[in-house]
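**Student:** I am attaching a structure below and will ask some questions about it afterwards.
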Amino acid sequence: MILEYVFSMKVNNIQDIKRPEGTVVFVTGVTGQDGSHMVDYLLSNTSASIVGGARRLSVENHANIKHLQGEPRFQLVNFDLTDSHSIYKIIEYAKPDYFINFAAQSFVASSWDFARQTWECNSTSILDCLEAIKRLKPDCRFYNAGSSEEFGNVSYEPQDENHPARPRSPYGASKAAARTLIKVYRESYGIYAVQGWLFNHEGPRRGEEFVTRKISKGVANIFDSIVNNKPVEGIELGNLSAVRDWSDAEDMMDAVWRMLNQEKFRTDWKQFSPVSLYNTDVKVLSKHIKDYVVGSGEKHTIREFVEKAFDVVGIHGAWMDEGKYEYFWYNDGPRPLPSNECQLVKVNPKFYRPAEVEVLRANADKITKELGWKPKTTFDGLVEKMVTSDLTSLNPVV
Ligand code: NDP
Ligand code: GDR
């Protein structure tokens, strides 16, 4: 039997934070996928001290940062992005050199149900961050997590930095609004503020309602049920034809850091830029920095993700019917299944969205050429990593 326990770390109040020596990076959303990976990236690739922001919940959810317990360069702080006082206070007390904002209402499907909260968290709060930086620490570099969802109803493929904003959800609209604010503050006040267009990125720390994790966890459960002679519970999904450009979340963190330090990475500046670009004057730099598209350049349907995930555990099947009656039927695997358990995946229209973004694929040529960023993990490698991790959590090595 697996004993579940709720892990929690010591959380400081903002006013108890003492600014560490040297470079300080404030990262929000550290209980989430990207925030937690960003902390790991900074610990491995820089000597900076990191302050991580997490909002207070009745039951803490520190699973993604439990490995940071006792890490001397990391401190956790109570922080709510929708509370402007929190934003002002963290800048006042921690005086960060970098403010990396991954906190958000990040689930597109929920943005129709909580449209106002999505807007306040993803747009209004960005305005608060920019104002606070302008007033209290104008040389603090700011990153906000932009999204391919801003492109939405795409007009060409693959999408590059010139693609217009055509969001299809309150979420996409909120990120597009934040981008406009960032541009305005950059141009008006010389703040080093960037917002990459990151395409979907995944991994074992992905929230369980996002489609890739829902599939990897579902497949691990199905495999476990088959080999242990337990009844098989199928996975219910929405639009199987949606096409996404999936990367490994860990690869994306390097892109974010490069965007925040363009004077160190920009290859195109060597040829024509004035020497002044290479000094640390943020006002000079801010005139030249760019937002970049980041993604793998590959596209795959939800169906392909499903097939690949089952492949990892040696289960093979076939798609039957179409549209809202479509299902994935078990053909072979570890043992024969009774027919009432053979429907491994089926469509449930309740997971359809009011408006869908059908196809997303990144043209990341610019960031590769100008900042030297390249992804390391392939699509197959990513699916395997996720399914294997979910299997390991079912059968932990003790
Ligand atoms: P997650 O949902 O995993 O993490 C979001 C984090 O934000 C969680 O830690 C959450 O805390 C926190 N949060 C939410 N609301 C608040 C608030 N009011 N105050 C403080 N913290 C809050 O998302 P990801 O890590 O996947 O994404 C990170 C960012 O990147 C988001 O802005 C997302 O919109 C954006 N993005 C993500 C992409 C992806 O494919 N992953 C692609 C493009 C953009 P809690 O744990 O308490 O809920
Ligand atoms: P997305 O990710 O909306 O692209 O936003 P998600 O994994 O939720 O959906 C991807 C696609 O899969 C389809 N889909 C389903 N989605 C979910 N969640 N559950 C299902 O059962 C299901 N069935 C099919 C969706 O319709 C969609 O087309 C993610 C988030 O990380 C955002 O924060 C980020 O900005 C974008 O990626 C880029």
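Going through the structure tokens in order, the chains are called A, B, and so on, while each chain numbers its residues from 1 and the ligands are numbered from 1 in the order shown.
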Which chains and residue numbers are within 9 Å of ligand 2, counting only C-alpha atoms and all ligand atoms, if I want them as a ChimeraX atom specification?

**Tutor:** /A:104-109,145-150,171-172,175,197-202,206-215,235-246,301-302,347-353,355-360

**Student:** Quick one: DSSP strand (DSSP E or B) residues in region 8-201 of chain A, as an MDAnalysis selection string?

**Tutor:** chainID A and resid 12 24:28 49:54 74:78 98:101 141:144 146:147 159 193:194 197:198 201

**Student:** Just asking: which residues within region 17-205 of chain A are alpha helix (DSSP H) according to DSSP, as a count of residues only?

**Tutor:** 65

**Student:** Find the residues around Gln117 (chain A) up to 9 Å (only C-alpha atoms counted), leave out those fewer than 4 positions away in its own chain, and share them as a list of chain:residue names.

**Tutor:**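 Final neighbour list, sorted by chain and number: A:Thr82, A:Gln105, A:Ser111, A:Cys121, A:Asn122.
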
**Student:** Write the selection just made, keeping N, CA, C and O atoms, as a CSV table (one decimal), in the first residue's frame?

**Tutor:**
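Below is the file again_4.csv, written as the result:
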```csv
chain,number,residue,atom,x,y,z
A,82,THR,N,-2.3,38.1,-7.5
A,82,THR,CA,-3.4,39.0,-7.6
A,82,THR,C,-3.5,40.1,-6.5
A,82,THR,O,-4.4,40.8,-6.5
A,105,GLN,N,-3.4,31.8,-14.1
A,105,GLN,CA,-4.4,30.8,-14.3
A,105,GLN,C,-4.1,30.2,-15.6
A,105,GLN,O,-4.3,30.8,-16.7
A,111,SER,N,-10.6,28.9,-18.4
A,111,SER,CA,-10.6,30.4,-18.6
A,111,SER,C,-12.0,30.8,-19.0
A,111,SER,O,-12.3,32.0,-18.9
A,121,CYS,N,-5.6,37.7,-13.0
A,121,CYS,CA,-4.3,37.1,-12.7
A,121,CYS,C,-3.3,37.2,-13.8
A,121,CYS,O,-2.1,37.6,-13.6
A,122,ASN,N,-3.8,37.1,-15.0
A,122,ASN,CA,-2.8,37.0,-16.2
A,122,ASN,C,-2.6,38.4,-16.9
A,122,ASN,O,-1.6,38.5,-17.6
```

**Student:** Restricting the calculation to only C-alpha atoms and all ligand atoms: of A:Asp40, A:Asp34, A:Glu250, A:Glu307, which residue gets closest to ligand 1?

**Tutor:**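 For ligand 1, the nearest of the candidates is A:Asp34.
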
**Student:** Any idea what's packed within 12 Å of Ala132 (chain A), counting only C-alpha atoms, ignoring anything in its chain fewer than 5 positions away? Could you give it as a ChimeraX atom specification?

**Tutor:** /A:84-92,95-96,99,125-127,137-140,142,185,191

**Student:** Kindly indicate which residue among A:Gly196, A:Pro336, A:Gly190, A:Pro164 lies nearest to ligand 1, using only C-alpha atoms and all ligand atoms for the distances.

**Tutor:**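 For ligand 1, the nearest of the candidates is A:Gly196.
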
**Student:** Grab the atom 16 (C, counted along the ligand's line) of ligand 1 to CA of Asp16 (chain A) distance for me, in Å with one decimal place.

**Tutor:**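 Calculated distance between atom 16 (C, counted along the ligand's line) of ligand 1 and CA of Asp16 (chain A) is 20.7 Å.
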
**Student:** Using only C-alpha atoms, pick whichever of A:Ser44, A:Ser123, A:Thr392, A:Gln343 has the shortest atom-to-atom distance to Ala173 (chain A).

**Tutor:**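 Selected residue with least distance to Ala173 (chain A): A:Ser123.
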
**Student:** Find the residue from A:Val232, A:Met386, A:Met38, A:Leu76 that sits nearest to Ile14 (chain A); use only C-alpha atoms when measuring.

**Tutor:**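 Among A:Val232, A:Met386, A:Met38, A:Leu76, it is A:Leu76 that comes nearest to Ile14 (chain A).
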
**Student:** May I ask which of the residues A:Asn144, A:Ile133, A:Tyr98, A:Glu233 is the closest one to Tyr189 (chain A), counting only C-alpha atoms?

**Tutor:**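 Counting only C-alpha atoms, the residue closest to Tyr189 (chain A) is A:Ile133.
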
**Student:** As an NGL selection string, please: the residues near Ile100 (chain A) (cut-off 12 Å, only C-alpha atoms, same-chain neighbours under 5 positions excluded).

**Tutor:** :A and (24-30 or 34-36 or 38-39 or 42 or 50-53 or 81 or 126 or 129-130 or 140-146 or 192-196 or 253 or 256-257 or 259-260)

**Student:** Take the residues from that selection and write them out as a short mmCIF file (atom, residue, chain, number, x, y, z; two decimals), in the first residue's frame, keeping N, CA and C atoms.

**Tutor:**
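Resulting contents of again24.cif:
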```
data_model
loop_
_atom_site.label_atom_id
_atom_site.label_comp_id
_atom_site.auth_asym_id
_atom_site.auth_seq_id
_atom_site.Cartn_x
_atom_site.Cartn_y
_atom_site.Cartn_z
N VAL A 24 19.94 38.09 -7.25
CA VAL A 24 18.73 37.49 -6.68
C VAL A 24 17.67 37.37 -7.78
N VAL A 25 17.10 36.17 -7.89
CA VAL A 25 16.03 35.95 -8.87
C VAL A 25 14.76 35.60 -8.09
N PHE A 26 13.70 36.32 -8.40
CA PHE A 26 12.41 35.99 -7.81
C PHE A 26 11.61 35.22 -8.87
N VAL A 27 11.18 34.01 -8.52
CA VAL A 27 10.42 33.17 -9.45
C VAL A 27 9.03 32.93 -8.86
N THR A 28 7.99 33.23 -9.60
CA THR A 28 6.63 32.95 -9.12
C THR A 28 6.14 31.61 -9.70
N GLY A 29 5.11 31.09 -9.06
CA GLY A 29 4.51 29.84 -9.57
C GLY A 29 5.41 28.64 -9.34
N VAL A 30 6.21 28.64 -8.26
CA VAL A 30 7.18 27.55 -8.08
C VAL A 30 6.56 26.21 -7.71
N ASP A 34 6.57 24.89 -14.52
CA ASP A 34 7.69 25.71 -15.02
C ASP A 34 8.46 26.37 -13.89
N GLY A 35 7.74 26.91 -12.91
CA GLY A 35 8.42 27.60 -11.81
C GLY A 35 9.39 26.66 -11.12
N SER A 36 8.97 25.43 -10.88
CA SER A 36 9.85 24.48 -10.19
C SER A 36 11.05 24.13 -11.07
N MET A 38 12.33 26.07 -13.33
CA MET A 38 13.19 27.26 -13.43
C MET A 38 14.13 27.34 -12.24
N VAL A 39 13.61 27.01 -11.06
CA VAL A 39 14.47 27.03 -9.87
C VAL A 39 15.61 26.01 -10.06
N LEU A 42 18.18 27.39 -12.50
CA LEU A 42 19.02 28.46 -11.95
C LEU A 42 20.04 27.90 -10.97
N ILE A 50 17.73 32.29 -5.05
CA ILE A 50 16.37 32.30 -5.61
C ILE A 50 15.34 32.43 -4.51
N VAL A 51 14.42 33.34 -4.73
CA VAL A 51 13.26 33.44 -3.86
C VAL A 51 12.08 32.92 -4.68
N GLY A 52 11.38 31.93 -4.14
CA GLY A 52 10.27 31.33 -4.88
C GLY A 52 8.95 31.75 -4.27
N GLY A 53 8.03 32.20 -5.10
CA GLY A 53 6.72 32.62 -4.60
C GLY A 53 5.68 31.52 -4.78
N LEU A 81 -0.09 36.61 -6.69
CA LEU A 81 0.08 37.54 -7.83
C LEU A 81 -1.09 38.51 -7.97
N ILE A 126 -0.03 41.70 -14.27
CA ILE A 126 1.20 42.02 -15.01
C ILE A 126 1.41 43.53 -15.01
N CYS A 129 2.91 44.32 -11.73
CA CYS A 129 4.34 43.97 -11.68
C CYS A 129 5.17 45.07 -12.37
N LEU A 130 4.70 45.48 -13.54
CA LEU A 130 5.46 46.48 -14.30
C LEU A 130 5.51 47.81 -13.56
N CYS A 140 15.38 45.94 -12.61
CA CYS A 140 15.01 44.52 -12.45
C CYS A 140 14.49 44.00 -13.79
N ARG A 141 15.04 42.88 -14.25
CA ARG A 141 14.58 42.31 -15.54
C ARG A 141 13.36 41.45 -15.30
N PHE A 142 12.38 41.60 -16.16
CA PHE A 142 11.09 40.94 -15.95
C PHE A 142 10.78 39.98 -17.09
N TYR A 143 10.42 38.74 -16.73
CA TYR A 143 9.95 37.80 -17.75
C TYR A 143 8.51 37.44 -17.45
N ASN A 144 7.66 37.53 -18.42
CA ASN A 144 6.30 37.02 -18.25
C ASN A 144 6.05 35.90 -19.25
N ALA A 145 5.34 34.86 -18.76
CA ALA A 145 5.14 33.66 -19.56
C ALA A 145 4.05 33.88 -20.60
N GLY A 146 4.46 34.14 -21.83
CA GLY A 146 3.52 34.25 -22.93
C GLY A 146 3.24 32.89 -23.53
N TYR A 192 13.62 46.35 -18.86
CA TYR A 192 13.96 45.11 -19.58
C TYR A 192 12.86 44.10 -19.26
N ALA A 193 11.83 44.10 -20.08
CA ALA A 193 10.69 43.20 -19.85
C ALA A 193 10.44 42.41 -21.13
N VAL A 194 10.40 41.10 -21.02
CA VAL A 194 10.16 40.25 -22.20
C VAL A 194 9.07 39.23 -21.91
N GLN A 195 8.45 38.77 -22.99
CA GLN A 195 7.43 37.72 -22.87
C GLN A 195 7.59 36.79 -24.06
N GLY A 196 8.17 35.63 -23.82
CA GLY A 196 8.32 34.66 -24.92
C GLY A 196 6.96 34.08 -25.29
N MET A 253 13.31 26.19 -20.10
CA MET A 253 13.86 27.10 -19.09
C MET A 253 15.12 27.80 -19.60
N VAL A 256 14.12 30.73 -21.68
CA VAL A 256 13.69 31.87 -20.87
C VAL A 256 14.91 32.64 -20.35
N TRP A 257 15.90 31.90 -19.87
CA TRP A 257 17.10 32.56 -19.32
C TRP A 257 17.86 33.30 -20.42
N MET A 259 16.49 34.64 -23.05
CA MET A 259 15.73 35.86 -23.36
C MET A 259 15.98 36.96 -22.34
N LEU A 260 16.27 36.53 -21.10
CA LEU A 260 16.49 37.50 -20.04
C LEU A 260 17.92 38.05 -20.03
#
```

**Student:** Could you give me, as a list in words, the residues within 8 Å of Arg205 (chain A), counting only C-alpha atoms and dropping anything in the same chain fewer than 5 positions from it?

**Tutor:**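 Surrounding residues, per the criterion: Gly32, Gln33 and Asn64 of chain A.
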
**Student:** Take the residues from that selection and write them out as a CSV table (one decimal), in the first residue's frame, keeping N, CA, C and O atoms.

**Tutor:**
```csv
chain,number,residue,atom,x,y,z
A,32,GLY,N,4.2,25.1,-9.4
A,32,GLY,CA,3.8,24.6,-10.8
A,32,GLY,C,4.9,23.9,-11.5
A,32,GLY,O,6.0,23.8,-11.0
A,33,GLN,N,4.6,23.6,-12.8
A,33,GLN,CA,5.6,22.9,-13.6
A,33,GLN,C,6.8,23.8,-13.9
A,33,GLN,O,8.0,23.4,-13.5
A,64,ASN,N,6.2,19.5,-6.3
A,64,ASN,CA,7.2,19.8,-7.3
A,64,ASN,C,8.4,20.4,-6.7
A,64,ASN,O,9.4,20.6,-7.5
```

**Student:** Set the distance at 12 Å and use only C-alpha atoms: which residues neighbour Val306 (chain A) once local chain neighbours fewer than 2 positions away are removed? I'd like the list as a VMD selection string.

**Tutor:** chain A and resid 211 to 220 234 to 237 240 to 241 300 to 304 308 to 313 315 to 319 327 to 329 344 to 346 380 383 to 384 387

**Student:** With only C-alpha atoms and all ligand atoms as the basis for distance, which of A:Leu181, A:Val227, A:Leu371, A:Val59 is at the shortest distance from ligand 1?

**Tutor:**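 Going through A:Leu181, A:Val227, A:Leu371, A:Val59 one by one, the smallest distance to ligand 1 is for A:Val59.
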
**Student:** One decimal, in Å: what's the spacing between CA of Ile226 (chain A) and CA of Cys342 (chain A)?

**Tutor:** 10.8 Å
